[in-house]
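Student: If you scroll down you'll find the structure; I have some questions about it.
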Amino acid sequence: MDFGIENIIFLLVLAAAIFVFAKKFGRIWRNIKLGRDINRSDRKKERWALMGRVALGQTKMVKRRTIAGFFHVLIYAGFLLINIEVLEIILDGILGTHRLFAEPLGGLYDVAINFFEILAVLVILSCVVFLWRRNVNVVPRFKELKGWAKTDGNNILIIELVLMIALLVLGAAEANMEDKKAGPWLVSGLLAPMFSGVSQENLHLIERVAWWAHIVGILAFLNYLPYSKHFHIILAFPNVWYSKLENKGQFTNLESVKKEVEMMMDPNADPYAAPAEGEAAAPDRFGAKDVTDLNWVQLLNAYSCTECGRCTAVCPAHETGKKLSPRKIMMDTRDRIEEVGQQMDQKNGKPAEDEKTLLDNYITREELWACTTCNACTEACPVNIDPLSIIMDMRRYLVMEESAANQQINMMMTNIENNGAPWAYPQADRGNWKDEI
Amino acid sequence: MEAEKINVPTMAEMMSAGKKPDVLFWVGCAGSFDDRAKKITKAFVKILSKAGIEFAVLGAEESCTGDPAKRAGNEFVFMMQAMQNIQVLNGYEVTRIVTTCPHCFNTLKNEYPELGGNYEVMHHTSFINKLFKEGKLTLEGGSFKGKRITFHDPCYLGRGNGIYEAPRELIRKLDAELVEMRRCKSNGLCCGAGGAQMFKEPEPGNKDINIERTEEALETKPDVVAAACPFCNTMMTDGVKNSEREGSLPVLDLAELIAEAGDL
C-alpha cells in the first residue's frame, strides 16, 4: 500500500480529532484556572514519587477492593501498552505503510503483538465484568448513579469492548492473507477460521474496515473524554501530583483571617490605619459560596473524579442515611464549574453572572453539616481527590460570612470565645481535677 | 492502702521555683471538665508519675486549642485561641507537649507551627510506648491478661496523622488478645463526634454513627472496647449503653488500661 487518498483522509481525520480535543481541553483548563491560586508546586521530589506510586502504580486502587482493583489494573495496562501499537497504526495511516514496525523489530514484533492480543482479551474480560457489576449484579456504590452518570459509565465500557474486538478482527483477517507482513498471532490466529474461504480481496476489505474502526474509535473516544468521567485517565496524573502532602488531619490556616487576628492582638497596631495603596481592593470572601471561591486544585479534583463512589461507600454520614455523599460534592462542583464556563463562552469569556451558586443550588447546607471530617473519603479516593476541603471551605463561608451555624454550634463557639472551652465552664476551674486524684 | 497523693504542678509554679519540666501535659477541655474524660486524665497522670517524668500542666492558663471552632468553619475563633495559646506556650518556653486528646494533638502538631508555635507534640499512646521502650515503665501481665480487647481508631490519630501502631502495641503489652473490627486502621469507621458533630445533634438520617460503630465493635465479642480519644470514648460509651451492655462491657482509654493493669 502506498501513500494515496486514504492517507490524506486519515491525516485530515487525525488533525481534526486532535484540534477539537485540544480546544476542549484548553477550555477545561481555563475553567480549572478560574479557581483561586494555591501553591502546590513545593516538594517536587515527593510529588513525582507520589504520582509514580498512586497514579502510575495504582497503589490505592488495589488496596482494599481487590476485584475492582485487579480488573482495573488489567484495563489500565491494556490502555497504556496497547497504545504503543496505536503509535504504529498512526504512522501507518500517515505514511501509507502497513505494519511499519514488523520488519525492523523482527521476532520481537511478534512477541509484542502476541502480548498485546492477550492484553486485549483481558481487557474484554474486564469490561464484561465491569458491565456486569454496573448493570446486573449492581455494586452498592453504583446504585446511586442515575441518568448521564450511569449511561456514561456503560458507554465507556462498550467503546472499549468495540476497540479491542476491532483489534482482534483486524489480526484475524490478516492471518488469512497470503501477503501478510507478519503473524499469525496468538489470539487473532485462533479467530482466523471465521474468515476462511473469504476471498483475498474481501479479506483486505475486512482488514481495512477493522483498522479504520479501531483508529477512528480511538480518536472518537479521545474526544468523548472531556464530556465524560473517563477524563480521569488524563487528569488523574496531574491530580495526584498536585494533591495535599500534609497530614490528613491538618487543615489550612486562612491567611486573611490570620492577618486580621494578628492585628487585633498587636498592641501597637493603629486601629484607624487606612489600607496601604494598592491593598484597598475588596477582600476575598471567607470560605467558598461558589466554585470560583474554591482553589484551582479543588476544581482539578472535580474534573478528575471518575464517580467510582469509593468515597461515598466509606462515608460514615452517608452510611447512616444522611444526605452527604462526597462523590456528589465532587460531581456538583464539576457540574457547576461547567455551567460557569459555558456562560463565559456565551459571553465571549466574560465572567458569568447568574443567580446560582454552588451552595444551595447544588450542595445543601444539610449535606455540609453532616460531615464528621473523618477523612475516610480522602483515604479511599484512588486518585487523592479531597472532597473534605470543599466541605470545609463551604462551612467557612456559612459560619464566617453568613453566621449561619445552628444554635448548638454557635453556643460551642461562644463558649470557646468566652471561657476557652466548648462548654460553659469557667476557665479558672480547668485545674480542679487535680484535687480529685 | 491509700494511694499517695500525686502533686501536679502548673507551669507557673514550676517557673517560680526556677524549674522547667521535661514535658507539658496538655489536658484539653474534655480532660479538664468532662467527668468521664477526667478519669483518663488522672490515669495518665498516674502513669507519668510512676515513670518518674517531670511534667507540668498549664492549669487555668490552658485554653481550647480552637479545634472544634475550626472544624465548624470558624477560623476567627480558632486563630484567636491559637495565638493566645502560642503566646502562653512560648512564654514558658515549652518544647515538648503530650496530650490525651487526638484533636488537641492534631491541632497543636499540625496547625500551630504556621502560626509560630513549634513544639514536639506526642499523643499519650506514643508517649506511653516510649516510656516502655526506655524502661521507665514495666508491666507484667496484669488484670487484662488474655482478655479480648478491640481498639477503635480515632480519626485524628489514625487517618489524620498515620498513628495506628502505638495504641495497638500498648494492648499487646497488656498480654491481651487484640481483636480487630471489620473496619480498622486506615479503613476505620468514625465514631461520629469529629468535625464539631460532638456539639450538635446529628443531621437527619436512619441511624447514629456511634451506634453503627458500636455494633461493629460488638461483632468482635470483646471484653473491653479500647479508645484513645475522650470524644470517641463518649460516643462508644453511649453506643454500648444503647445496646444494653452497660456494666458488662467497659469502654476504656489506653491510659486507663495501662494504669489499671499496672495497679496504679
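For the C-alpha cells, the naming scheme is as follows: chains receive sequential letters (A, B, ...) according to their order of presentation, residues are indexed from 1 within each chain, and ligands are indexed from 1 in presentation order.
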Find the residues near A:Cys127: any atom within 10 Å, counting only C-alpha atoms, skip ones fewer than 5 places away on the same chain, and give them as a short mmCIF file (atom, residue, chain, number, x, y, z; two decimals) with N, CA and C atoms, in the first residue's frame.
Tutor:
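So out_20.cif came out as:
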data_model
loop_
_atom_site.label_atom_id
_atom_site.label_comp_id
_atom_site.auth_asym_id
_atom_site.auth_seq_id
_atom_site.Cartn_x
_atom_site.Cartn_y
_atom_site.Cartn_z
N PHE A 71 -9.19 -5.96 38.06
CA PHE A 71 -9.65 -5.77 36.68
C PHE A 71 -9.31 -4.36 36.18
N HIS A 72 -9.31 -3.40 37.11
CA HIS A 72 -8.95 -2.05 36.69
C HIS A 72 -7.50 -2.01 36.23
N LEU A 74 -5.89 -4.39 34.88
CA LEU A 74 -5.84 -5.03 33.56
C LEU A 74 -6.21 -4.03 32.46
N ILE A 75 -7.32 -3.33 32.65
CA ILE A 75 -7.75 -2.36 31.64
C ILE A 75 -6.71 -1.25 31.50
N VAL A 121 -7.61 -9.45 25.23
CA VAL A 121 -8.58 -10.41 25.74
C VAL A 121 -8.89 -10.12 27.22
N LEU A 122 -7.85 -9.80 27.96
CA LEU A 122 -8.04 -9.49 29.39
C LEU A 122 -8.87 -8.21 29.55
N TRP A 132 -21.17 -6.06 34.08
CA TRP A 132 -21.96 -6.90 34.97
C TRP A 132 -22.17 -6.19 36.32
N ARG A 133 -21.07 -5.65 36.86
CA ARG A 133 -21.14 -5.01 38.18
C ARG A 133 -21.92 -3.70 38.16
N ASN A 154 -21.46 3.07 31.21
CA ASN A 154 -21.64 1.97 30.26
C ASN A 154 -21.04 2.28 28.90
N ILE A 156 -18.47 3.99 28.12
CA ILE A 156 -17.01 3.83 28.14
C ILE A 156 -16.65 2.36 27.98
N LEU A 157 -17.33 1.51 28.72
CA LEU A 157 -17.01 0.08 28.68
C LEU A 157 -17.33 -0.50 27.30
N ILE A 158 -18.44 -0.06 26.71
CA ILE A 158 -18.82 -0.59 25.40
C ILE A 158 -17.83 -0.12 24.33
N ILE A 159 -17.44 1.15 24.41
CA ILE A 159 -16.45 1.64 23.43
C ILE A 159 -15.16 0.83 23.54
N GLU A 160 -14.75 0.58 24.78
CA GLU A 160 -13.51 -0.20 24.96
C GLU A 160 -13.65 -1.60 24.40
N LEU A 161 -14.80 -2.19 24.58
CA LEU A 161 -15.06 -3.53 24.02
C LEU A 161 -14.93 -3.49 22.49
#
Student: I need the helix (DSSP H, G or I) residues of stretch 25-246 of chain B per DSSP on the backbone, written as an MDAnalysis selection string.
Tutor: chainID B and resid 28:33 35:50 59:61 67:72 75:91 102:111 113:115 124:133 165:173 185:187 197:199 209:219 230:242
Student: With a distance cut-off of 9 Å and only C-alpha atoms, select the neighbouring residues of stretch 221-235 of chain B, excluding the residue or stretch itself and same-chain residues fewer than 6 positions from it, and output the selection as a VMD selection string.
Tutor: chain B and resid 30 to 31 34 36 to 37 40 100 to 103 124 to 125 144 147 to 154 157 167 171 179 190 to 194 198 209 to 211 214 248 to 255 257
Student: Go ahead and save the residues from that selection, with C-alpha atoms, as a PDB file, in the first residue's frame.
Tutor:
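Contents of part-v3.pdb, as written:
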ATOM      1  CA  ALA B  30     -12.705  17.226  77.832  1.00  0.00           C
ATOM      2  CA  GLY B  31      -9.896  16.045  80.062  1.00  0.00           C
ATOM      3  CA  ASP B  34     -15.869  16.078  81.393  1.00  0.00           C
ATOM      4  CA  ARG B  36     -15.631  10.606  82.192  1.00  0.00           C
ATOM      5  CA  ALA B  37     -12.610  12.136  80.482  1.00  0.00           C
ATOM      6  CA  ILE B  40      -8.413   9.370  81.653  1.00  0.00           C
ATOM      7  CA  THR B 100      -4.539  12.540  75.712  1.00  0.00           C
ATOM      8  CA  CYS B 101      -6.787  14.107  73.054  1.00  0.00           C
ATOM      9  CA  PRO B 102      -6.131  13.367  69.358  1.00  0.00           C
ATOM     10  CA  HIS B 103      -7.901  16.588  68.372  1.00  0.00           C
ATOM     11  CA  HIS B 124      -0.217   9.831  75.015  1.00  0.00           C
ATOM     12  CA  THR B 125      -0.317   6.385  73.357  1.00  0.00           C
ATOM     13  CA  PHE B 144      -6.364  -7.728  81.307  1.00  0.00           C
ATOM     14  CA  LYS B 147      -8.952 -10.581  77.622  1.00  0.00           C
ATOM     15  CA  ARG B 148     -10.392  -9.798  74.198  1.00  0.00           C
ATOM     16  CA  ILE B 149      -9.830  -6.109  73.524  1.00  0.00           C
ATOM     17  CA  THR B 150     -10.915  -4.326  70.373  1.00  0.00           C
ATOM     18  CA  PHE B 151      -9.488  -0.942  69.510  1.00  0.00           C
ATOM     19  CA  HIS B 152     -11.395   1.909  67.906  1.00  0.00           C
ATOM     20  CA  ASP B 153      -9.066   4.122  65.831  1.00  0.00           C
ATOM     21  CA  PRO B 154      -9.667   7.839  66.423  1.00  0.00           C
ATOM     22  CA  LEU B 157      -4.856   9.920  65.366  1.00  0.00           C
ATOM     23  CA  PRO B 167      -2.124   2.121  70.685  1.00  0.00           C
ATOM     24  CA  ILE B 171      -2.742  -3.577  74.027  1.00  0.00           C
ATOM     25  CA  VAL B 179      -9.394  -8.404  68.155  1.00  0.00           C
ATOM     26  CA  CYS B 190     -15.552   7.336  62.590  1.00  0.00           C
ATOM     27  CA  CYS B 191     -17.343   7.371  65.966  1.00  0.00           C
ATOM     28  CA  GLY B 192     -19.455  10.289  64.779  1.00  0.00           C
ATOM     29  CA  ALA B 193     -18.056  13.026  67.022  1.00  0.00           C
ATOM     30  CA  GLY B 194     -15.499  14.695  64.735  1.00  0.00           C
ATOM     31  CA  MET B 198     -19.846  16.327  69.208  1.00  0.00           C
ATOM     32  CA  ILE B 209     -22.877   6.771  63.569  1.00  0.00           C
ATOM     33  CA  ASN B 210     -21.807   5.724  67.078  1.00  0.00           C
ATOM     34  CA  ILE B 211     -24.476   3.003  67.081  1.00  0.00           C
ATOM     35  CA  THR B 214     -20.568   0.092  68.427  1.00  0.00           C
ATOM     36  CA  SER B 248     -20.684  -5.774  81.298  1.00  0.00           C
ATOM     37  CA  LEU B 249     -18.658  -4.094  78.560  1.00  0.00           C
ATOM     38  CA  PRO B 250     -16.329  -1.303  79.661  1.00  0.00           C
ATOM     39  CA  VAL B 251     -15.102   1.343  77.231  1.00  0.00           C
ATOM     40  CA  LEU B 252     -11.653   2.312  78.450  1.00  0.00           C
ATOM     41  CA  ASP B 253      -8.918   4.625  77.316  1.00  0.00           C
ATOM     42  CA  LEU B 254      -5.497   3.068  76.812  1.00  0.00           C
ATOM     43  CA  ALA B 255      -4.126   5.160  79.665  1.00  0.00           C
ATOM     44  CA  LEU B 257      -5.995   0.143  80.727  1.00  0.00           C
TER      45      LEU B 257
END
Student: Which is closer to B:Asn74 than all the others in B:Lys46, B:Ala196, B:Gly262, B:Arg168, using only C-alpha atoms?
Tutor: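 Ranking B:Lys46, B:Ala196, B:Gly262, B:Arg168 by distance to B:Asn74, first place goes to B:Ala196.
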Student: Set out as CSV a contact list for chain A and chain B with a cut-off of 6 Å, giving each residue of chain A that qualifies its closest atom pair and distance in Å to one decimal, counting only C-alpha atoms, ordered by chain and rising residue number.
Tutor:
residue,atom,partner,partner_atom,distance
A:Asn247,CA,B:Asn161,CA,5.5
A:Lys248,CA,B:Gly160,CA,4.5
A:Gly249,CA,B:Gly160,CA,3.8
A:Gln250,CA,B:Asn110,CA,5.4
A:Thr320,CA,B:Lys207,CA,4.9
A:Gly321,CA,B:Gly205,CA,4.3
A:Lys322,CA,B:Gly205,CA,4.3
A:Ala370,CA,B:Glu203,CA,5.5
A:Thr372,CA,B:Gly195,CA,4.4
A:Thr373,CA,B:Gly195,CA,4.9
A:Cys374,CA,B:Cys155,CA,5.4
A:Arg395,CA,B:Gly73,CA,4.9
A:Arg396,CA,B:Gly73,CA,3.9
A:Val399,CA,B:Gly73,CA,5.8
A:Gln408,CA,B:Lys200,CA,5.4
A:Met413,CA,B:Ala69,CA,5.8
A:Gly420,CA,B:Ser63,CA,4.6
A:Ala421,CA,B:Cys64,CA,5.1
A:Gln427,CA,B:Ala60,CA,5.7
A:Ala428,CA,B:Ala60,CA,4.8
A:Arg430,CA,B:Ala60,CA,5.2
A:Gly431,CA,B:Gly59,CA,4.5
